[in-house]
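J.: Please find upload_31.cif (mmCIF, C-alpha atoms) on the next line:
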```cif
data_run
#
loop_
_atom_site.label_atom_id
_atom_site.label_comp_id
_atom_site.auth_asym_id
_atom_site.auth_seq_id
_atom_site.Cartn_x
_atom_site.Cartn_y
_atom_site.Cartn_z
CA MET A 26 14.33 6.77 -18.38
CA GLU A 27 15.41 3.56 -19.97
CA GLN A 28 12.96 2.01 -22.41
CA GLN A 29 11.44 -1.13 -20.91
CA LYS A 30 12.20 -4.27 -22.90
CA GLY A 31 10.49 -7.63 -22.95
CA TYR A 32 7.08 -8.50 -21.50
CA LYS A 33 4.88 -5.61 -20.57
CA GLN A 34 1.47 -6.33 -19.11
CA GLU A 35 -1.26 -4.27 -20.59
CA LEU A 36 -3.71 -2.42 -18.38
CA ARG A 37 -7.19 -2.10 -19.80
CA GLY A 38 -9.81 0.50 -18.97
CA ASN A 39 -11.90 -2.01 -16.99
CA TRP A 40 -9.17 -2.97 -14.46
CA TRP A 41 -11.16 -1.43 -11.62
CA LEU A 42 -14.09 -3.85 -12.07
CA LYS A 43 -11.95 -6.72 -10.78
CA HIS A 44 -11.90 -5.90 -7.08
CA THR A 45 -14.39 -4.36 -4.61
CA PHE A 46 -11.70 -2.02 -3.29
CA PHE A 47 -11.10 -0.61 -6.78
CA LYS A 48 -14.84 -0.31 -7.39
CA ARG A 49 -15.19 1.71 -4.19
CA TYR A 50 -12.31 3.90 -5.36
CA MET A 51 -14.05 4.52 -8.69
CA LEU A 52 -17.35 5.22 -6.90
CA ARG A 53 -15.58 7.91 -4.88
CA GLU A 54 -14.07 9.33 -8.08
CA ALA A 55 -17.57 9.28 -9.64
CA THR A 56 -18.92 11.63 -6.94
CA VAL A 57 -17.52 14.30 -9.25
CA LEU A 58 -20.28 13.74 -11.85
CA PRO A 59 -23.30 14.98 -9.84
CA LEU A 60 -21.01 17.73 -8.47
CA VAL A 61 -20.38 18.94 -12.02
CA PHE A 62 -24.15 18.98 -12.59
CA PHE A 63 -24.73 21.04 -9.45
CA LEU A 64 -21.90 23.45 -10.33
CA SER A 65 -23.43 23.95 -13.78
CA VAL A 66 -26.89 24.84 -12.46
CA MET A 67 -25.31 27.09 -9.81
CA LEU A 68 -23.35 28.93 -12.49
CA VAL A 69 -26.60 29.43 -14.42
CA GLY A 70 -28.12 30.71 -11.16
CA VAL A 71 -25.31 33.24 -10.69
CA PHE A 72 -25.88 34.52 -14.24
CA SER A 73 -29.66 34.68 -13.64
CA LEU A 74 -29.05 37.23 -10.86
CA LEU A 75 -28.50 39.85 -13.57
CA ASP A 76 -32.26 40.13 -14.05
CA SER A 77 -35.35 39.18 -11.97
CA VAL A 78 -37.14 37.48 -14.91
CA GLN A 79 -34.08 35.28 -15.50
CA PHE A 80 -33.95 34.51 -11.79
CA GLU A 81 -37.55 33.28 -11.84
CA ALA A 82 -36.75 31.12 -14.87
CA TRP A 83 -33.78 29.66 -12.95
CA GLN A 84 -36.05 28.87 -9.99
CA ARG A 85 -38.38 26.99 -12.34
CA LEU A 86 -35.35 25.08 -13.69
CA MET A 87 -34.32 24.14 -10.14
CA ALA A 88 -37.87 22.92 -9.42
CA HIS A 89 -37.85 20.53 -12.42
CA PRO A 90 -38.18 16.95 -11.10
CA ILE A 91 -35.05 15.74 -12.95
CA VAL A 92 -33.02 18.65 -11.56
CA ILE A 93 -34.29 17.91 -8.03
CA VAL A 94 -33.33 14.23 -8.40
CA MET A 95 -29.88 15.19 -9.72
CA ASN A 96 -29.40 17.57 -6.81
CA ILE A 97 -30.40 14.86 -4.32
CA LEU A 98 -27.75 12.66 -6.00
CA ALA A 99 -25.26 15.53 -5.68
CA LEU A 100 -25.99 15.77 -1.96
CA ILE A 101 -25.50 12.01 -1.51
CA ALA A 102 -22.25 12.29 -3.52
CA ALA A 103 -21.09 15.19 -1.32
CA PHE A 104 -21.74 13.14 1.80
CA TYR A 105 -19.95 10.08 0.39
CA HIS A 106 -17.01 12.25 -0.65
CA ALA A 107 -17.03 13.85 2.83
CA PHE A 108 -17.07 10.39 4.44
CA THR A 109 -13.94 9.34 2.51
CA PHE A 110 -12.26 12.76 2.79
CA PHE A 111 -12.71 13.21 6.55
CA GLU A 112 -11.03 9.85 7.21
CA LEU A 113 -7.86 11.18 5.57
CA PHE A 114 -7.42 14.22 7.81
CA PRO A 115 -6.25 12.39 10.97
CA ARG A 116 -3.88 10.30 8.80
CA VAL A 117 -2.36 13.23 6.93
CA MET A 118 -2.30 15.57 9.90
CA PRO A 119 -2.47 13.75 13.27
CA ILE A 120 -3.16 16.19 16.11
CA ARG A 121 -1.03 15.82 19.25
CA PHE A 122 -1.47 17.23 22.72
CA GLY A 123 1.91 16.83 24.37
CA ASP A 124 2.71 13.16 23.80
CA LYS A 125 -0.96 12.17 23.51
CA LEU A 126 -2.50 11.64 20.10
CA LEU A 127 -6.04 12.97 19.59
CA PRO A 128 -8.18 9.95 18.57
CA ALA A 129 -8.96 9.89 14.83
CA SER A 130 -12.68 9.49 15.58
CA PHE A 131 -12.66 12.89 17.33
CA ILE A 132 -11.20 14.62 14.28
CA VAL A 133 -13.69 12.89 11.95
CA ALA A 134 -16.60 13.81 14.26
CA GLY A 135 -15.36 17.40 14.44
CA GLN A 136 -15.49 17.69 10.66
CA TRP A 137 -19.05 16.34 10.53
CA ILE A 138 -20.02 18.87 13.20
CA ALA A 139 -18.58 21.57 10.90
CA VAL A 140 -20.78 20.29 8.02
CA VAL A 141 -23.89 20.38 10.24
CA ALA A 142 -23.02 23.85 11.60
CA VAL A 143 -22.41 25.35 8.13
CA SER A 144 -25.60 23.79 6.72
CA ALA A 145 -27.71 24.90 9.70
CA GLY A 146 -26.30 28.44 9.49
CA PHE A 147 -26.92 28.69 5.75
CA ILE A 148 -30.46 27.29 5.98
CA SER A 149 -31.38 29.63 8.83
CA LEU A 150 -29.99 32.61 6.89
CA PHE A 151 -32.29 31.88 3.94
CA LEU A 152 -35.26 31.02 6.18
CA HIS A 153 -34.73 34.44 7.76
CA PHE A 154 -34.66 36.05 4.28
CA GLY A 155 -38.02 34.44 3.52
CA GLY A 156 -39.48 35.59 6.81
CA ALA A 157 -38.34 39.18 6.24
CA GLN A 158 -40.41 39.55 3.08
CA MET B 20 3.22 18.17 -19.02
CA ASN B 21 3.29 19.37 -15.44
CA ARG B 22 5.95 21.91 -16.15
CA LEU B 23 5.60 25.25 -17.80
CA LYS B 24 9.04 26.58 -18.68
CA GLY B 25 10.59 24.91 -15.63
CA LEU B 26 7.67 25.84 -13.37
CA HIS B 27 6.15 22.88 -11.50
CA LEU B 28 2.37 23.17 -11.62
CA GLU B 29 1.41 19.93 -9.86
CA PRO B 30 1.49 21.43 -6.31
CA LEU B 31 -0.90 24.16 -7.51
CA TRP B 32 -3.38 21.62 -8.96
CA TRP B 33 -3.13 19.46 -5.86
CA GLY B 34 -3.57 22.43 -3.54
CA LEU B 35 -6.69 23.57 -5.41
CA PHE B 36 -7.97 19.95 -5.44
CA SER B 37 -7.45 19.65 -1.71
CA ALA B 38 -9.03 23.01 -0.87
CA GLY B 39 -11.91 22.20 -3.22
CA GLY B 40 -12.32 18.84 -1.50
CA VAL B 41 -12.85 20.55 1.84
CA CYS B 42 -15.39 22.91 0.24
CA PHE B 43 -17.22 20.04 -1.52
CA ALA B 44 -17.53 18.27 1.84
CA VAL B 45 -18.31 21.23 4.11
CA PHE B 46 -19.94 24.05 2.08
CA VAL B 47 -21.49 22.46 -1.03
CA PRO B 48 -24.06 20.36 0.95
CA ALA B 49 -25.49 23.57 2.48
CA ALA B 50 -25.89 25.14 -0.99
CA ILE B 51 -27.50 21.97 -2.40
CA ILE B 52 -29.94 21.77 0.51
CA VAL B 53 -30.98 25.45 0.20
CA PHE B 54 -30.97 26.03 -3.59
CA GLY B 55 -31.51 22.47 -4.83
CA MET B 56 -34.08 21.23 -2.32
CA LEU B 57 -35.66 23.65 0.17
CA ALA B 58 -36.20 26.51 -2.30
CA PRO B 59 -37.63 24.36 -5.15
CA LEU B 60 -39.87 22.54 -2.66
CA GLY B 61 -41.19 25.87 -1.37
CA VAL B 62 -39.82 25.57 2.17
CA ILE B 63 -37.65 28.64 1.52
CA GLN B 64 -38.88 31.63 -0.49
CA LEU B 65 -36.10 33.25 -2.52
CA ASN B 66 -36.62 36.98 -2.99
CA PHE B 67 -34.71 38.38 -5.97
CA ASP B 68 -33.88 41.76 -4.37
CA GLN B 69 -32.64 40.19 -1.14
CA ILE B 70 -30.64 37.49 -2.90
CA SER B 71 -28.97 39.92 -5.32
CA LEU B 72 -28.14 42.29 -2.45
CA TRP B 73 -26.66 39.41 -0.47
CA PHE B 74 -24.83 38.11 -3.53
CA SER B 75 -23.20 41.48 -4.27
CA SER B 76 -21.83 41.66 -0.71
CA VAL B 77 -18.50 40.10 0.33
CA TRP B 78 -20.54 37.01 1.42
CA GLY B 79 -21.47 36.49 -2.21
CA LEU B 80 -17.80 36.57 -3.19
CA MET B 81 -17.01 33.98 -0.50
CA PHE B 82 -19.98 31.91 -1.68
CA ILE B 83 -18.59 31.89 -5.24
CA GLY B 84 -15.18 30.85 -3.93
CA VAL B 85 -16.25 27.96 -1.70
CA VAL B 86 -19.28 26.71 -3.65
CA ILE B 87 -18.19 27.27 -7.28
CA CYS B 88 -14.49 28.04 -7.92
CA LEU B 89 -12.67 25.69 -5.54
CA PRO B 90 -15.09 22.75 -6.08
CA ALA B 91 -14.69 23.34 -9.85
CA PHE B 92 -10.91 22.83 -9.58
CA HIS B 93 -11.52 19.81 -7.33
CA ALA B 94 -13.81 18.38 -10.02
CA ALA B 95 -11.27 19.19 -12.76
CA HIS B 96 -8.53 17.29 -10.94
CA ARG B 97 -10.76 14.25 -10.31
CA ILE B 98 -11.93 14.19 -13.94
CA ARG B 99 -8.35 14.49 -15.24
CA HIS B 100 -7.18 11.55 -13.14
CA GLY B 101 -10.46 9.66 -13.66
CA LEU B 102 -9.94 9.83 -17.42
CA HIS B 103 -6.42 8.48 -16.91
CA ASP B 104 -7.84 5.63 -14.75
CA LEU B 105 -10.31 4.78 -17.50
CA LYS B 106 -7.46 4.86 -20.03
CA LEU B 107 -9.15 7.73 -21.85
CA GLY B 108 -7.48 10.86 -23.12
CA GLY B 109 -4.57 11.87 -20.96
CA GLY B 110 -1.55 14.05 -21.31
CA LEU B 111 -1.56 17.74 -21.98
CA LEU B 112 -5.00 17.75 -23.65
CA SER B 113 -6.72 16.45 -20.47
CA VAL B 114 -4.85 19.02 -18.40
CA ILE B 115 -5.89 21.89 -20.65
CA ILE B 116 -9.54 20.81 -20.97
CA CYS B 117 -10.09 19.99 -17.27
CA TYR B 118 -8.36 22.92 -15.59
CA GLY B 119 -9.35 25.19 -18.48
CA ALA B 120 -13.04 24.43 -17.86
CA ALA B 121 -12.59 25.06 -14.13
CA ALA B 122 -10.79 28.34 -14.82
CA LEU B 123 -13.53 29.44 -17.26
CA THR B 124 -16.27 28.56 -14.76
CA SER B 125 -14.51 30.49 -12.00
CA THR B 126 -13.86 33.49 -14.22
CA ALA B 127 -17.49 33.58 -15.37
CA ALA B 128 -18.84 33.45 -11.79
CA LEU B 129 -16.37 36.10 -10.58
CA PHE B 130 -17.16 38.29 -13.60
CA ILE B 131 -20.86 38.38 -12.58
CA TRP B 132 -19.89 39.34 -9.03
CA PHE B 133 -17.70 42.24 -10.22
CA TYR B 134 -20.21 43.23 -12.94
#
```
If you took the structure in this file and wrote it as structure tokens, what would it be?
T.:
Amino acid sequence: MEQQKGYKQELRGNWWLKHTFFKRYMLREATVLPLVFFLSVMLVGVFSLLDSVQFEAWQRLMAHPIVIVMNILALIAAFYHAFTFFELFPRVMPIRFGDKLLPASFIVAGQWIAVVAVSAGFISLFLHFGGAQ
Amino acid sequence: MNRLKGLHLEPLWWGLFSAGGVCFAVFVPAAIIVFGMLAPLGVIQLNFDQISLWFSSVWGLMFIGVVICLPAFHAAHRIRHGLHDLKLGGGLLSVIICYGAAALTSTAALFIWFY
């Protein structure tokens, strides 16, 4: 590529603070931070399964107020990410029936139904575990 | 920086990011609700023997994939590009640190499953 000559506008690290649209973009990108926290404690949890004493220690860690607050933030982040992500599906992959286009709102609703179904299934599995004790 | 001896890696990173994005939206909330909220609040009782038996089954392997590995690569991709947006780091170092951390996390979780 040819080297650009003459005036070159500099882009600073705070460019995204100048417009609401950019701020929303950065908020979506920031959903990764509580996700990283959750992934870290889950990884610790996986390691704690090697031994029942470790597993109890992990459960105490998960019950720490700061950890609970961070996990609530992670859930909010997951939902905000889902909200932005599900909007993309009908744009990237529009679904057609013959010459009729399936309304985008149907595809978005379908994805939210999947979230509810997976969560309900997972919760009921672990409620059942508890009941079987 | 996206090529390794003529091999284009960007589609791989984007594919993992995309798959991880689906998992972050669909599967991660369920795991947060159960392990991050209901269990610590005492609504769900986690029994070590039952959980380790469940974890060592093929369901546990799927759980690692959709709740840890793929979201980790999703996070790595977002952090790599987020750093670029903030005019921090960048280049090959960001690539190695971000995807390297995701690869390490995934390997560690999978190691425990196979252990």
J.: Of the residues A:Val71, A:Ala142, A:Ala107, A:Val117, which is the one nearest to Thr126 in chain B, using all atoms listed in the file?
T.: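 Among the listed residues, the smallest separation from Thr126 in chain B belongs to A:Val71.
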J.: As a check of understanding, name the residues that the PyMOL selection byres ((chain B) within 6 of (chain A)) selects in the supplied structure, as a ChimeraX atom specification.
T.: /B:44-45,48-49,55,59,63-64,94,105-106
J.: For the structure provided, state which residues fall under the PyMOL selection byres ((chain B and resi 132) around 8), and present them as JSON, numbers by chain.
T.: {"B": [74, 75, 79, 80, 128, 129, 130, 131, 133, 134]}
J.: Using all atoms listed in the file for the distances, tell me which of B:Leu107, B:Leu31, B:Ile52, B:Ser125 is nearest to Leu89 in chain B.
T.: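 Nearest candidate to Leu89 in chain B out of B:Leu107, B:Leu31, B:Ile52, B:Ser125: B:Ser125.
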J.: For a test of reading the model, state the distance in Å between CA of His44 in chain A and CA of Ser130 in chain A, rounded to one decimal.
T.: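 That distance, rounded to one decimal, is 27.4 Å.
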J.: If we count only C-alpha atoms, what is near range 114-119 of chain B at a cut-off of 7 Å, once residues fewer than 4 positions away on the same chain are taken out, given as a list in words?
T.: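 Selected residues are Phe92, Ala95, Ile98, Arg99, Gly110 and Leu123 of chain B.
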J.: How big is the axis-aligned box around all listed atoms of range 97-115 of chain B once 5 Å goes on each side, and where's its centre, in Å to one decimal, as lines of an AutoDock Vina configuration file?
T.:
```
center_x = -6.7
center_y = 13.3
center_z = -17.0
size_x = 20.4
size_y = 27.1
size_z = 23.3
```
J.: CA of Phe43 in chain B to CA of His93 in chain B: how many Å, to one decimal?
T.: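 So the answer is 8.1 Å.
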J.: Can you measure CA of Ala127 in chain B to CA of Glu29 in chain B for me? One decimal in Å is fine.
T.: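 Separation between CA of Ala127 in chain B and CA of Glu29 in chain B: 24.0 Å.
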J.: Find, counting all atoms listed in the file, the residue in A:Pro128, A:Gln34, A:Leu52, A:Gln79 that gets nearest to Glu112 in chain A.
T.: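 Selected residue with least distance to Glu112 in chain A: A:Pro128.
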J.: Pick out the closest residue to Leu35 in chain B from this set: B:Ala121, B:Gly108, B:Leu57, B:Leu102. Count all atoms listed in the file.
T.: B:Ala121
J.: N, CA and C atoms are what I want for range 108-138 of chain A; can you complete it accordingly and write them as an mmCIF file, in the frame of the given file?
T.:
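Output saved as result.cif:
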```cif
data_model
loop_
_atom_site.group_PDB
_atom_site.id
_atom_site.type_symbol
_atom_site.label_atom_id
_atom_site.label_comp_id
_atom_site.auth_asym_id
_atom_site.auth_seq_id
_atom_site.Cartn_x
_atom_site.Cartn_y
_atom_site.Cartn_z
ATOM 1 N N PHE A 108 -17.372 11.592 3.648
ATOM 2 C CA PHE A 108 -17.070 10.390 4.440
ATOM 3 C C PHE A 108 -15.658 9.874 4.154
ATOM 4 N N THR A 109 -15.281 9.833 2.865
ATOM 5 C CA THR A 109 -13.940 9.340 2.510
ATOM 6 C C THR A 109 -12.872 10.390 2.815
ATOM 7 N N PHE A 110 -13.225 11.663 2.637
ATOM 8 C CA PHE A 110 -12.260 12.760 2.790
ATOM 9 C C PHE A 110 -11.909 12.991 4.256
ATOM 10 N N PHE A 111 -12.923 12.920 5.131
ATOM 11 C CA PHE A 111 -12.710 13.210 6.550
ATOM 12 C C PHE A 111 -11.833 12.148 7.215
ATOM 13 N N GLU A 112 -11.875 10.922 6.675
ATOM 14 C CA GLU A 112 -11.030 9.850 7.210
ATOM 15 C C GLU A 112 -9.545 10.151 6.991
ATOM 16 N N LEU A 113 -9.269 10.918 5.938
ATOM 17 C CA LEU A 113 -7.860 11.180 5.570
ATOM 18 C C LEU A 113 -7.192 12.174 6.515
ATOM 19 N N PHE A 114 -7.995 13.129 7.017
ATOM 20 C CA PHE A 114 -7.420 14.220 7.810
ATOM 21 C C PHE A 114 -6.548 13.718 8.967
ATOM 22 N N PRO A 115 -7.090 12.832 9.851
ATOM 23 C CA PRO A 115 -6.250 12.390 10.970
ATOM 24 C C PRO A 115 -5.014 11.591 10.531
ATOM 25 N N ARG A 116 -5.047 11.043 9.294
ATOM 26 C CA ARG A 116 -3.880 10.300 8.800
ATOM 27 C C ARG A 116 -2.821 11.244 8.265
ATOM 28 N N VAL A 117 -3.301 12.275 7.532
ATOM 29 C CA VAL A 117 -2.360 13.230 6.930
ATOM 30 C C VAL A 117 -1.800 14.160 8.005
ATOM 31 N N MET A 118 -2.706 14.598 8.901
ATOM 32 C CA MET A 118 -2.300 15.570 9.900
ATOM 33 C C MET A 118 -2.770 15.137 11.298
ATOM 34 N N PRO A 119 -2.066 14.178 11.931
ATOM 35 C CA PRO A 119 -2.470 13.750 13.270
ATOM 36 C C PRO A 119 -2.275 14.912 14.257
ATOM 37 N N ILE A 120 -3.243 15.086 15.141
ATOM 38 C CA ILE A 120 -3.160 16.190 16.110
ATOM 39 C C ILE A 120 -2.693 15.651 17.457
ATOM 40 N N ARG A 121 -1.622 16.255 17.988
ATOM 41 C CA ARG A 121 -1.030 15.820 19.250
ATOM 42 C C ARG A 121 -1.249 16.854 20.338
ATOM 43 N N PHE A 122 -1.502 16.371 21.541
ATOM 44 C CA PHE A 122 -1.470 17.230 22.720
ATOM 45 C C PHE A 122 -0.374 16.686 23.620
ATOM 46 N N GLY A 123 0.767 17.366 23.654
ATOM 47 C CA GLY A 123 1.910 16.830 24.370
ATOM 48 C C GLY A 123 2.355 15.548 23.693
ATOM 49 N N ASP A 124 2.347 14.431 24.443
ATOM 50 C CA ASP A 124 2.710 13.160 23.800
ATOM 51 C C ASP A 124 1.470 12.309 23.532
ATOM 52 N N LYS A 125 0.291 12.912 23.757
ATOM 53 C CA LYS A 125 -0.960 12.170 23.510
ATOM 54 C C LYS A 125 -1.518 12.513 22.129
ATOM 55 N N LEU A 126 -1.941 11.471 21.432
ATOM 56 C CA LEU A 126 -2.500 11.640 20.100
ATOM 57 C C LEU A 126 -4.029 11.766 20.217
ATOM 58 N N LEU A 127 -4.591 12.811 19.588
ATOM 59 C CA LEU A 127 -6.040 12.970 19.590
ATOM 60 C C LEU A 127 -6.651 11.829 18.757
ATOM 61 N N PRO A 128 -7.627 11.081 19.322
ATOM 62 C CA PRO A 128 -8.180 9.950 18.570
ATOM 63 C C PRO A 128 -8.753 10.384 17.218
ATOM 64 N N ALA A 129 -8.515 9.571 16.186
ATOM 65 C CA ALA A 129 -8.960 9.890 14.830
ATOM 66 C C ALA A 129 -10.466 10.131 14.788
ATOM 67 N N SER A 130 -11.216 9.357 15.598
ATOM 68 C CA SER A 130 -12.680 9.490 15.580
ATOM 69 C C SER A 130 -13.118 10.889 16.016
ATOM 70 N N PHE A 131 -12.339 11.536 16.889
ATOM 71 C CA PHE A 131 -12.660 12.890 17.330
ATOM 72 C C PHE A 131 -12.532 13.875 16.173
ATOM 73 N N ILE A 132 -11.447 13.707 15.400
ATOM 74 C CA ILE A 132 -11.200 14.620 14.280
ATOM 75 C C ILE A 132 -12.290 14.443 13.223
ATOM 76 N N VAL A 133 -12.650 13.175 12.945
ATOM 77 C CA VAL A 133 -13.690 12.890 11.950
ATOM 78 C C VAL A 133 -15.014 13.490 12.429
ATOM 79 N N ALA A 134 -15.351 13.276 13.708
ATOM 80 C CA ALA A 134 -16.600 13.810 14.260
ATOM 81 C C ALA A 134 -16.610 15.335 14.199
ATOM 82 N N GLY A 135 -15.459 15.946 14.486
ATOM 83 C CA GLY A 135 -15.360 17.400 14.440
ATOM 84 C C GLY A 135 -15.681 17.947 13.062
ATOM 85 N N GLN A 136 -15.231 17.241 12.024
ATOM 86 C CA GLN A 136 -15.490 17.690 10.660
ATOM 87 C C GLN A 136 -16.966 17.570 10.310
ATOM 88 N N TRP A 137 -17.615 16.488 10.787
ATOM 89 C CA TRP A 137 -19.050 16.340 10.530
ATOM 90 C C TRP A 137 -19.838 17.416 11.258
ATOM 91 N N ILE A 138 -19.362 17.780 12.459
ATOM 92 C CA ILE A 138 -20.020 18.870 13.200
ATOM 93 C C ILE A 138 -19.917 20.166 12.392
#
```
